[in-house]
file coords-v1.cif (mmCIF, C-alpha atoms)
data_structure
#
loop_
_atom_site.label_atom_id
_atom_site.label_comp_id
_atom_site.auth_asym_id
_atom_site.auth_seq_id
_atom_site.Cartn_x
_atom_site.Cartn_y
_atom_site.Cartn_z
CA MET X 84 62.37 72.16 82.28
CA ASP X 85 59.07 73.96 81.60
CA ARG X 86 58.65 77.47 80.22
CA ALA X 87 58.22 79.17 83.63
CA THR X 88 61.39 77.60 84.97
CA ARG X 89 63.34 78.58 81.85
CA ILE X 90 62.14 82.18 82.17
CA GLY X 91 63.09 82.27 85.86
CA CYS X 92 66.55 80.92 85.09
CA ALA X 93 67.03 83.43 82.28
CA ILE X 94 66.03 86.36 84.49
CA GLY X 95 68.29 85.19 87.30
CA ALA X 96 71.21 84.72 84.91
CA ALA X 97 70.70 88.17 83.38
CA ILE X 98 70.65 89.86 86.78
CA ALA X 99 73.68 87.87 87.89
CA ALA X 100 75.61 88.86 84.77
CA THR X 101 74.76 92.52 85.33
CA ILE X 102 75.98 92.44 88.92
CA LEU X 103 79.16 90.61 88.02
CA ALA X 104 79.89 93.11 85.26
CA ALA X 105 79.35 96.01 87.65
CA GLY X 106 81.72 94.41 90.13
CA SER X 107 84.46 93.58 87.65
CA GLY X 108 86.53 96.68 88.50
CA PRO X 109 89.34 96.79 91.10
CA ALA X 110 89.05 94.22 93.85
CA ALA X 111 87.67 95.38 97.18
CA ALA X 112 90.24 96.25 99.83
CA ALA X 113 91.01 93.76 102.54
CA THR X 114 89.24 93.62 105.87
CA VAL X 115 91.87 94.57 108.45
CA LEU X 116 90.97 93.08 111.83
CA ASP X 117 93.05 93.11 115.04
CA ALA X 118 95.87 95.12 113.49
CA LYS X 119 98.74 95.93 115.85
CA THR X 120 101.55 97.36 113.70
CA VAL X 121 102.11 99.04 110.34
CA THR X 122 105.56 98.87 108.78
CA ILE X 123 106.47 101.32 106.02
CA THR X 124 109.38 101.08 103.61
CA SER X 125 110.37 103.01 100.51
CA ALA X 126 108.87 101.82 97.23
CA LEU X 127 110.98 104.15 95.10
CA ASN X 128 113.16 101.33 93.80
CA ASP X 129 110.03 99.29 92.97
CA VAL X 130 108.24 101.83 90.78
CA GLY X 131 111.08 102.43 88.31
CA GLU X 132 111.02 105.27 85.80
CA PRO X 133 110.61 108.20 85.73
CA TYR X 134 111.79 108.51 89.33
CA TYR X 135 114.17 105.59 89.58
CA ASN X 136 117.25 106.47 91.63
CA PRO X 137 118.42 103.81 94.10
CA GLY X 138 120.54 106.34 95.96
CA ASP X 139 117.53 108.53 96.73
CA ALA X 140 115.19 105.98 98.33
CA TYR X 141 114.93 107.68 101.70
CA ILE X 142 111.78 107.20 103.74
CA GLN X 143 110.22 110.58 104.43
CA VAL X 144 106.84 110.66 106.16
CA SER X 145 104.99 113.65 107.53
CA GLU X 146 102.27 111.55 109.19
CA VAL X 147 100.80 108.06 109.34
CA VAL X 148 97.05 108.10 110.00
CA ALA X 149 95.35 104.79 110.85
CA ASP X 150 91.63 105.26 111.50
CA ASN X 151 89.45 102.66 113.16
CA PHE X 152 85.69 102.40 112.59
CA SER X 153 85.07 104.97 115.33
CA ALA X 154 87.07 107.50 113.26
CA THR X 155 89.86 107.47 115.84
CA ASP X 156 93.43 107.77 114.58
CA VAL X 157 94.99 104.91 116.54
CA ALA X 158 98.48 105.71 115.21
CA LEU X 159 98.47 109.11 116.91
CA SER X 160 100.89 109.35 119.82
CA SER X 161 98.24 110.98 122.02
CA ASN X 162 96.07 107.89 121.40
CA GLY X 163 98.84 105.51 122.45
CA GLY X 164 100.61 105.01 119.13
CA THR X 165 104.39 104.59 119.11
CA ALA X 166 106.94 104.79 116.30
CA THR X 167 110.27 103.05 115.77
CA ALA X 168 112.66 103.16 112.84
CA ALA X 169 115.89 101.63 111.58
CA SER X 170 117.58 105.04 111.46
CA ASN X 171 117.07 108.78 111.74
CA TYR X 172 118.51 111.43 109.44
CA GLN X 173 121.57 113.24 110.83
CA GLY X 174 121.24 111.39 114.13
CA SER X 175 118.16 113.25 115.39
CA ASP X 176 115.11 111.27 116.56
CA TYR X 177 112.41 112.11 114.03
CA THR X 178 110.19 109.05 114.54
CA GLY X 179 107.66 110.84 116.74
CA LYS X 180 107.02 113.42 114.02
CA ALA X 181 105.22 110.72 111.99
CA ILE X 182 102.50 110.35 114.64
CA ASP X 183 102.26 113.82 116.20
CA GLY X 184 99.03 114.82 114.44
CA ILE X 185 100.66 117.74 112.62
CA TYR X 186 100.54 117.35 108.85
CA PRO X 187 101.29 117.89 106.09
CA GLN X 188 104.75 119.16 106.98
CA GLU X 189 108.09 119.92 105.38
CA TYR X 190 111.52 118.80 106.54
CA SER X 191 112.58 118.95 109.37
CA ASP X 192 109.12 118.39 110.85
CA ILE X 193 108.80 114.92 109.29
CA TYR X 194 110.30 111.49 109.82
CA HIS X 195 113.36 111.11 107.58
CA SER X 196 115.50 107.97 107.42
CA ALA X 197 119.28 108.23 107.49
CA GLY X 198 119.79 105.63 104.79
CA THR X 199 118.31 104.35 101.55
CA GLY X 200 118.96 100.62 101.82
CA THR X 201 116.55 97.71 102.02
CA GLY X 202 116.95 97.58 105.80
CA GLU X 203 115.30 100.96 106.33
CA PHE X 204 111.79 100.98 107.85
CA LEU X 205 109.33 102.99 109.92
CA THR X 206 107.02 100.96 112.16
CA ILE X 207 103.93 102.32 113.91
CA SER X 208 102.50 100.28 116.80
CA PHE X 209 99.02 100.70 118.27
CA SER X 210 98.30 100.51 121.99
CA SER X 211 95.91 97.59 121.38
CA PRO X 212 94.72 95.52 118.39
CA GLU X 213 92.41 97.54 116.14
CA ASP X 214 90.03 97.02 113.22
CA LEU X 215 91.13 99.59 110.65
CA SER X 216 88.86 101.52 108.29
CA SER X 217 91.68 103.30 106.44
CA LEU X 218 95.39 103.98 106.28
CA SER X 219 96.86 107.28 105.04
CA ILE X 220 100.50 108.21 104.58
CA TYR X 221 101.43 111.86 104.22
CA GLY X 222 104.67 112.60 102.43
CA ARG X 223 106.98 115.57 102.46
CA GLY X 224 105.43 118.94 101.66
CA THR X 225 102.47 121.20 102.35
CA THR X 226 99.12 120.87 100.57
CA GLY X 227 99.01 122.38 97.11
CA SER X 228 102.71 123.22 97.01
CA PRO X 229 105.58 121.50 95.20
CA SER X 230 108.23 120.13 97.53
CA CYS X 231 111.81 119.02 97.41
CA CYS X 232 112.21 115.30 96.84
CA THR X 233 108.51 114.53 96.32
CA GLU X 234 109.61 111.60 94.11
CA ARG X 235 110.52 109.78 97.32
CA ASP X 236 106.94 109.77 98.58
CA VAL X 237 105.92 106.31 97.40
CA TYR X 238 105.66 103.63 100.05
CA ASN X 239 105.25 99.92 100.68
CA TYR X 240 103.10 99.17 103.71
CA SER X 241 102.56 95.93 105.64
CA ILE X 242 99.99 95.52 108.41
CA PHE X 243 100.49 92.84 111.07
CA ASN X 244 98.43 91.48 113.96
CA SER X 245 99.67 91.11 117.53
CA ALA X 246 101.11 87.66 116.73
CA GLY X 247 103.24 89.17 113.98
CA ALA X 248 101.24 87.58 111.16
CA LEU X 249 100.77 89.62 108.00
CA ILE X 250 97.17 90.82 107.48
CA THR X 251 97.62 92.78 104.26
CA SER X 252 100.21 94.76 102.34
CA GLY X 253 100.37 97.07 99.37
CA GLN X 254 101.73 100.30 97.97
CA LEU X 255 100.67 103.92 98.48
CA ASP X 256 101.80 106.71 96.15
CA ALA X 257 101.76 110.21 97.66
CA ARG X 258 103.67 111.89 94.82
CA ASN X 259 101.02 114.57 94.31
CA LEU X 260 100.36 118.15 95.38
CA ASP X 261 98.33 116.98 98.38
CA HIS X 262 101.29 114.81 99.46
CA VAL X 263 98.97 112.06 100.72
CA ALA X 264 97.80 108.60 99.69
CA THR X 265 94.97 106.65 101.35
CA ILE X 266 93.54 103.16 101.20
CA ASP X 267 90.11 102.31 102.65
CA PHE X 268 89.44 98.90 104.16
CA ASP X 269 86.21 96.91 104.27
CA ALA X 270 84.08 96.91 107.40
CA PRO X 271 83.84 93.65 109.38
CA GLY X 272 80.85 91.66 108.14
CA GLY X 273 80.41 94.03 105.21
CA VAL X 274 78.11 93.65 102.22
CA PRO X 275 78.42 90.47 100.14
CA GLU X 276 80.76 90.39 97.17
CA PRO X 277 79.16 90.76 93.68
CA ALA X 278 79.53 87.03 93.02
CA ALA X 279 77.60 86.24 96.21
CA TRP X 280 74.83 88.64 95.20
CA ALA X 281 74.69 86.99 91.78
CA LEU X 282 74.30 83.52 93.29
CA MET X 283 71.58 84.69 95.67
CA ILE X 284 69.55 86.44 92.98
CA GLY X 285 69.94 83.50 90.62
CA GLY X 286 68.64 81.26 93.41
CA PHE X 287 65.66 83.56 93.96
CA GLY X 288 64.83 83.29 90.25
CA LEU X 289 64.91 79.49 90.36
CA ALA X 290 62.85 79.38 93.55
CA GLY X 291 60.23 81.68 92.06
CA ALA X 292 60.01 79.61 88.89
CA ALA X 293 59.63 76.40 90.90
CA LEU X 294 56.87 77.94 93.01
CA ARG X 295 54.95 79.06 89.92
CA ARG X 296 55.30 75.56 88.45
CA GLN X 297 53.97 73.99 91.65
CA ARG X 298 50.96 76.32 91.66
CA ALA X 299 50.25 75.52 88.02
CA GLN X 300 50.30 71.78 88.77
CA VAL X 301 47.91 72.22 91.72
CA ALA X 302 45.53 74.29 89.58
CA ALA X 303 45.54 71.59 86.90
#

call {"tool": "encode", "arguments": {"input": "coords-v1.cif", "output": "structure tokens"}}
result
Amino acid sequence: MDRATRIGCAIGAAIAATILAAGSGPAAAATVLDAKTVTITSALNDVGEPYYNPGDAYIQVSEVVADNFSATDVALSSNGGTATAASNYQGSDYTGKAIDGIYPQEYSDIYHSAGTGTGEFLTISFSSPEDLSSLSIYGRGTTGSPSCCTERDVYNYSIFNSAGALITSGQLDARNLDHVATIDFDAPGGVPEPAAWALMIGGFGLAGAALRRQRAQVAA
């Protein structure tokens, strides 16, 4: 390997290392394509202290907002979204309050499960499969104000396609004064991952070095 090639390789490797280091933080969110349903359960029993209380793991949700890449909330009932749940607190049907577009809200203007067991869930279905840009879950309470039972506002979410296959899942923690937690998803065909950029730039360095070597040989 001649000097020009070695220099090209070194430059490519240095740039690649810089990009990889910059991209070594949290992994990018999933790309969520053709989503049809979102199922939400309580994560209170998963997070442990300081809020661990198995008997208090109710699901309480002021609103579920699922935006597509046209900034349309496809969970909203007026956009065709529907909500079902394993139970409703005190026998009243609160499921529609999770997709009515009014949030943040206090009880009794929220969805509230009747039980705290592992069988409790809230499922939001879209009118058609959607590519999602973000998912937000609003807990119990109004913005900037403490609320009763805020410790309950931590959720497991699972997103499924129309065939019932899991696309992605995770946890959202809305135990804050804004009573909301959001995850953003990657756009379809988004920018390459840092590792891909590193490989491309390293390849450019090698190609440039080879071209300079070829020109030097022709000149000789």

call {"tool": "atom_distance", "arguments": {"input": "coords-v1.cif", "atom1": "atom CA of X:Ser216", "atom2": "atom CA of X:Gly164"}}
result
16.4 Å

call {"tool": "closest_residue", "arguments": {"input": "coords-v1.cif", "among": "X:Thr155, X:Ser210, X:Ser160, X:Gln143", "to": "X:Tyr177", "atoms": "all atoms listed in the file"}}
result
X:Gln143

call {"tool": "resolve_selection", "arguments": {"input": "coords-v1.cif", "expression": "the PyMOL selection byres ((chain X and resi 217) around 9)", "output": "list in words"}}
result
Val115, Val148, Ala149, Asp150, Asn151, Phe152, Leu215, Ser216, Leu218, Ser219, Thr265, Ile266, Asp267, Phe268 and Asp269 of chain X

call {"tool": "atom_distance", "arguments": {"input": "coords-v1.cif", "atom1": "atom CA of X:Phe204", "atom2": "atom CA of X:Thr122"}}
result
6.6 Å

call {"tool": "atom_distance", "arguments": {"input": "coords-v1.cif", "atom1": "atom CA of X:Asn244", "atom2": "atom CA of X:Leu116"}}
result
7.9 Å

call {"tool": "residues_around", "arguments": {"input": "coords-v1.cif", "residues": "X:Tyr172", "least_positions_apart": "3", "cutoff": "9 Å", "atoms": "all atoms listed in the file", "output": "list in words"}}
result
Ser175, Asp176, Tyr177, Tyr194, His195, Ser196, Ala197 and Gly198 of chain X

call {"tool": "resolve_selection", "arguments": {"input": "coords-v1.cif", "expression": "the PyMOL selection byres ((chain X and resi 180) around 9)", "output": "PDB file with C-alpha atoms, in the coordinates of the input"}}
result
ATOM      1  CA  VAL X 144     106.840 110.660 106.160  1.00  0.00           C
ATOM      2  CA  SER X 145     104.990 113.650 107.530  1.00  0.00           C
ATOM      3  CA  GLU X 146     102.270 111.550 109.190  1.00  0.00           C
ATOM      4  CA  ALA X 166     106.940 104.790 116.300  1.00  0.00           C
ATOM      5  CA  ASP X 176     115.110 111.270 116.560  1.00  0.00           C
ATOM      6  CA  TYR X 177     112.410 112.110 114.030  1.00  0.00           C
ATOM      7  CA  THR X 178     110.190 109.050 114.540  1.00  0.00           C
ATOM      8  CA  GLY X 179     107.660 110.840 116.740  1.00  0.00           C
ATOM      9  CA  ALA X 181     105.220 110.720 111.990  1.00  0.00           C
ATOM     10  CA  ILE X 182     102.500 110.350 114.640  1.00  0.00           C
ATOM     11  CA  ASP X 183     102.260 113.820 116.200  1.00  0.00           C
ATOM     12  CA  GLY X 184      99.030 114.820 114.440  1.00  0.00           C
ATOM     13  CA  ILE X 185     100.660 117.740 112.620  1.00  0.00           C
ATOM     14  CA  ASP X 192     109.120 118.390 110.850  1.00  0.00           C
ATOM     15  CA  ILE X 193     108.800 114.920 109.290  1.00  0.00           C
ATOM     16  CA  TYR X 194     110.300 111.490 109.820  1.00  0.00           C
TER      17      TYR X 194
END

call {"tool": "resolve_selection", "arguments": {"input": "coords-v1.cif", "expression": "the PyMOL selection byres ((chain X and resi 255-261) around 9)", "output": "list in words"}}
result
Ala126, Pro187, Ser219, Ile220, Tyr221, Gly222, Arg223, Gly224, Thr225, Thr226, Gly227, Ser228, Pro229, Ser230, Thr233, Glu234, Arg235, Asp236, Val237, Tyr238, Asn239, Tyr240, Gly253, Gln254, His262, Val263, Ala264, Thr265 and Ile266 of chain X

call {"tool": "closest_residue", "arguments": {"input": "coords-v1.cif", "among": "X:Val147, X:Ser153, X:Gln173, X:Ile250", "to": "X:Ala270", "atoms": "all atoms listed in the file"}}
result
X:Ser153

call {"tool": "closest_residue", "arguments": {"input": "coords-v1.cif", "among": "X:Ala169, X:Val121, X:Cys231, X:Ala154", "to": "X:Gln188", "atoms": "all atoms listed in the file"}}
result
X:Cys231

call {"tool": "closest_residue", "arguments": {"input": "coords-v1.cif", "among": "X:Ile142, X:Ala112, X:Thr124, X:Lys119", "to": "X:Leu249", "atoms": "only C-alpha atoms"}}
result
X:Lys119

call {"tool": "decode", "arguments": {"input": "coords-v1.cif", "residues": "stretch 158-216 of chain X", "atoms": "C-alpha atoms", "output": "short mmCIF file (atom, residue, chain, number, x, y, z; two decimals), in the first residue's frame"}}
result
data_model
loop_
_atom_site.label_atom_id
_atom_site.label_comp_id
_atom_site.auth_asym_id
_atom_site.auth_seq_id
_atom_site.Cartn_x
_atom_site.Cartn_y
_atom_site.Cartn_z
CA ALA X 158 -56.17 7.70 17.32
CA LEU X 159 -58.71 10.51 17.61
CA SER X 160 -62.31 9.30 17.54
CA SER X 161 -63.27 12.01 15.03
CA ASN X 162 -60.57 10.58 12.72
CA GLY X 163 -61.95 7.06 12.99
CA GLY X 164 -60.07 5.81 16.04
CA THR X 165 -61.82 3.44 18.44
CA ALA X 166 -60.99 2.36 21.99
CA THR X 167 -61.65 -0.87 23.87
CA ALA X 168 -60.60 -1.94 27.36
CA ALA X 169 -60.71 -4.90 29.70
CA SER X 170 -62.70 -2.93 32.28
CA ASN X 171 -64.00 0.49 33.25
CA TYR X 172 -63.88 2.05 36.70
CA GLN X 173 -67.17 1.89 38.63
CA GLY X 174 -68.92 0.37 35.62
CA SER X 175 -69.01 3.54 33.50
CA ASP X 176 -67.67 3.45 29.92
CA TYR X 177 -64.61 5.70 30.01
CA THR X 178 -62.79 4.28 26.97
CA GLY X 179 -63.87 7.07 24.61
CA LYS X 180 -62.34 9.69 26.90
CA ALA X 181 -58.87 8.45 25.87
CA ILE X 182 -59.43 9.49 22.24
CA ASP X 183 -61.78 12.49 22.48
CA GLY X 184 -59.11 15.12 21.80
CA ILE X 185 -59.57 16.79 25.19
CA TYR X 186 -56.41 16.68 27.29
CA PRO X 187 -54.83 16.84 29.72
CA GLN X 188 -57.73 16.03 32.02
CA GLU X 189 -58.45 14.96 35.57
CA TYR X 190 -60.70 12.13 36.72
CA SER X 191 -63.51 11.57 35.74
CA ASP X 192 -62.71 12.89 32.26
CA ILE X 193 -60.08 10.19 31.63
CA TYR X 194 -60.03 6.47 30.94
CA HIS X 195 -59.70 4.61 34.25
CA SER X 196 -59.53 0.82 34.55
CA ALA X 197 -61.59 -0.99 37.16
CA GLY X 198 -58.80 -3.35 38.14
CA THR X 199 -55.06 -3.50 38.64
CA GLY X 200 -54.27 -7.01 37.43
CA THR X 201 -52.15 -8.19 34.52
CA GLY X 202 -55.27 -8.66 32.39
CA GLU X 203 -56.06 -4.94 32.29
CA PHE X 204 -55.47 -3.12 28.99
CA LEU X 205 -56.56 -0.19 26.85
CA THR X 206 -56.41 -0.75 23.08
CA ILE X 207 -56.70 1.98 20.45
CA SER X 208 -57.51 0.90 16.88
CA PHE X 209 -57.04 3.07 13.79
CA SER X 210 -59.52 3.13 10.92
CA SER X 211 -56.78 1.98 8.51
CA PRO X 212 -53.09 0.98 8.74
CA GLU X 213 -50.89 4.01 9.39
CA ASP X 214 -47.20 4.96 9.38
CA LEU X 215 -46.67 6.65 12.75
CA SER X 216 -44.36 9.58 13.44
#
